[in-house]
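Notes to accompany the following structure.
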Amino acid sequence: MSYADGSPVYLPQNLAPNEASPGWNNKADNAWQLTAATLVGMQSVPGLVILYGSMVKKKWAVNSAFMALYAFAAVLVCWVLWAHSMAFGDPLCPLMGKPHPMLSQHYLLNHLNFGSMPKSMPTADYVYFQFAFAAITVILLAGSLLGRMNFYAWMMFVPLWLTFSYTVGAFCIWGDGFLNQQDGIRTIDYAGGFVIHLSSGVAGFTAAYWVGPRLSHDRQNFPPNNIIHMLGGAGFLWLGWTGFNGGSPFVVSRIASLAILNTHLCTSTSLIVWVSLDMIFYRKSSVIGAVQGMITGLVCITPGAGVVDPWAAALMGAVSGSVPWYTMMVLHRRSAFFQKVDDTLAVFHTHAVAGVLGGILSGLFAKPNLLRMFYFLDNYTGLLYGIINGKASQGLQQMLYQLAGVAFITVWNVVVTSFICLLINRIVNLRMVEDELEVGDGAAHGEEAYALWGDGEKMPNPLRFRIPPRIPSICRRLP
């Protein structure tokens, strides 16, 4: 290495390429990727652990949080043993890669060479980042099943669904599958609108159908046990999305910066629209509604975060704050089908509906130069810019590719999730027995979250019922 005049450049020993950090390893890219992956991991633990544990009725706090914690641990073990290679390895068939362990030092410390261009970091970064994506997908799915699923059935469900559902979606859209061809079909899914959110929403709704509903009185009265903690979990989820979308280019680039800004702009817009609709139609601003609007905004922007302009991100936020609001608050209550399926945290609306919206709107608003910077390929455009640039046929073709992604992920998850649930039900009950459902955490785990009275009701004033004579008379006047 030398300056323009030919004089040598002397680097400190710790900055010069060496065995620990070869010349291909960009320290900035590597550091950001590890940070982004950790942010995504923190969306699950502690983010969704706190969110689930506080958003449900008190008697289900431990069980709900534990389902998330268990899934996070189980997915990592499965991921490094076989699932990562099934999602991103050499093709075994048109739907998945060859399963094999990802524990070799030679592989993990080698130069990451995946996608259109080699990346300037070790492969271990990629394995870790994609594990965090896989883990949060399974945990999001769990939101549909809280308050009644047998924990032993959940322990079996996690590795089976990861293996036969998630890896197939990831391989087909992000790997070497039929929806990710360089010279053919390429579904735009920047960071998982289809692979993560549509699949978790559809699979969660399907599994909820097979598991069955909560007890009727739980379903009618299911207050959060701690709204302040719920907001804390939601905060981890929101800020963690900086790594979710900012880490998807696998390089510290202009696309990463744009994706982060678009993410927060869309989310903020969606939250404001959702709260506004609550105030217009219900005369009150709901904190739970604000969290739902936040989630739909995060989900909607995910498939297009780095390939759309900020004005499009704001428009996507307006759509994600209104359409899922309508499907959840109006359509759900009028539809006998939706009423039949007990989707505890409305994951179908917040993830499946918002994921479909995001995928379609990404196909509409994707900008050619941003697609080129992200995919390193020409001749791709969203429908809007295709019309503007006289390439309407290419834009229409891209919209068809987006719809193909929606159709494939939906059908595959309905079929495979149903098969998995039916298989597990032959081994162990999917749903807890009635006595356990009445008790909750105490029956399921022998533990309870709080040493407090009640389940969201106001604590009665014991002084109203009995005032010992030795208590000062002023206390007897308490209402």
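Residues are referred to by chain and number: the chain letter is A, B, ... according to the order shown in the structure tokens, the number counts from 1 in that chain, and ligands are numbered separately from 1 in the order shown.
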For this session: Considering only C-alpha atoms, return as a VMD selection string whatever protein or nucleic-acid residues lie within 8 Å of Leu265 in chain A, sequence-local ones (same chain, fewer than 6 positions apart) excluded.
Result: chain A and resid 310 313 to 314 317
Exercise. Val75 in chain A: which residues within 9 Å, counting only C-alpha atoms, same-chain residues fewer than 3 positions away excluded, as a PyMOL selection string?
Worked result: chain A and resi 70-72+78-80+83+131-132+134-135+138+158-159+162
Please report, as a Markdown table, each residue of range 262-328 of chain A lying at most 12 Å from range 375-386 of chain A, together with the nearest pair of atoms and the separation in Å rounded to one decimal; use only C-alpha atoms, and order rows by chain and ascending residue number.
| residue | atom | partner | partner_atom | distance |
| --- | --- | --- | --- | --- |
| A:Gly304 | CA | A:Gly382 | CA | 10.5 |
| A:Gly306 | CA | A:Tyr375 | CA | 10.6 |
| A:Val307 | CA | A:Gly382 | CA | 9.4 |
| A:Val308 | CA | A:Gly382 | CA | 9.2 |
| A:Asp309 | CA | A:Tyr385 | CA | 11.6 |
| A:Ala312 | CA | A:Leu384 | CA | 10.9 |
For this session: Please identify which residues in range 348-474 of chain A DSSP calls alpha helix (DSSP H) from the backbone, and express them as a PyMOL selection string.
Result: chain A and resi 354-365+368-375+383-388+392-425+434-439+441-445+473-474
For this session: Do a neighbour search on His106 in chain A at 12 Å with only C-alpha atoms, toss out local chain neighbours closer than 6 positions, and write the hits as a ChimeraX atom specification.
Result: /A:112,122-124
With N, CA and C atoms retained, could you export that selection as a compact mmCIF listing (two decimals), in the first residue's frame?
# COMPACT_ATOMS: atom_id res chain seq x y z
N LEU A 112 -17.61 -14.24 3.28
CA LEU A 112 -19.01 -14.42 2.92
C LEU A 112 -19.19 -14.17 1.44
N PRO A 122 -16.95 -12.05 7.61
CA PRO A 122 -16.97 -13.51 7.71
C PRO A 122 -18.38 -14.06 7.57
N THR A 123 -18.49 -15.30 7.16
CA THR A 123 -19.79 -15.96 7.01
C THR A 123 -20.52 -16.09 8.34
N ALA A 124 -19.77 -16.14 9.45
CA ALA A 124 -20.41 -16.24 10.76
C ALA A 124 -21.38 -15.09 11.00
Exercise. Taking into account only C-alpha atoms, which residue in the set A:Met55, A:Met86, A:Ala449, A:Met67 is nearest to Val287 in chain A?
Worked result: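 Nearest to Val287 in chain A: A:Met55.
When only C-alpha atoms are used to compute distances to Val439 in chain A, the closest of the residues A:Gly147, A:Gly297, A:Gly177, A:Pro249 turns out to be A:Gly147.
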For this session: Using only C-alpha atoms, determine which residues lie at most 12 Å from Pro46 in chain A, disregarding the query and same-chain residues fewer than 3 positions distant; provide the list as a list in words.
Result: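 In the requested format, the answer is Thr38, Leu39, Val40, Gly41, Met42, Gln43, Val49, Ile50, Leu51, Tyr52, Gly53, Ser54, Ala65, Phe66, Ala68, Leu69, Phe72, Ile136, Ile139, His229, Met230, Gly232, Gly233, Ala234, Gly235, Phe236, Leu237 and Gly240 of chain A.
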Exercise. Interatomic distance between CA of Tyr166 in chain A and CA of Val341 in chain A?
Worked result: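 Separating CA of Tyr166 in chain A from CA of Val341 in chain A is a distance of 22.3 Å.
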Exercise. Counting only C-alpha atoms, what is within 12 Å of Val202 in chain A, bar same-chain residues fewer than 4 positions away, as a ChimeraX atom specification?
Worked result: /A:137-138,140-144,165-166,194-198,206-209,343,346-356,406-418
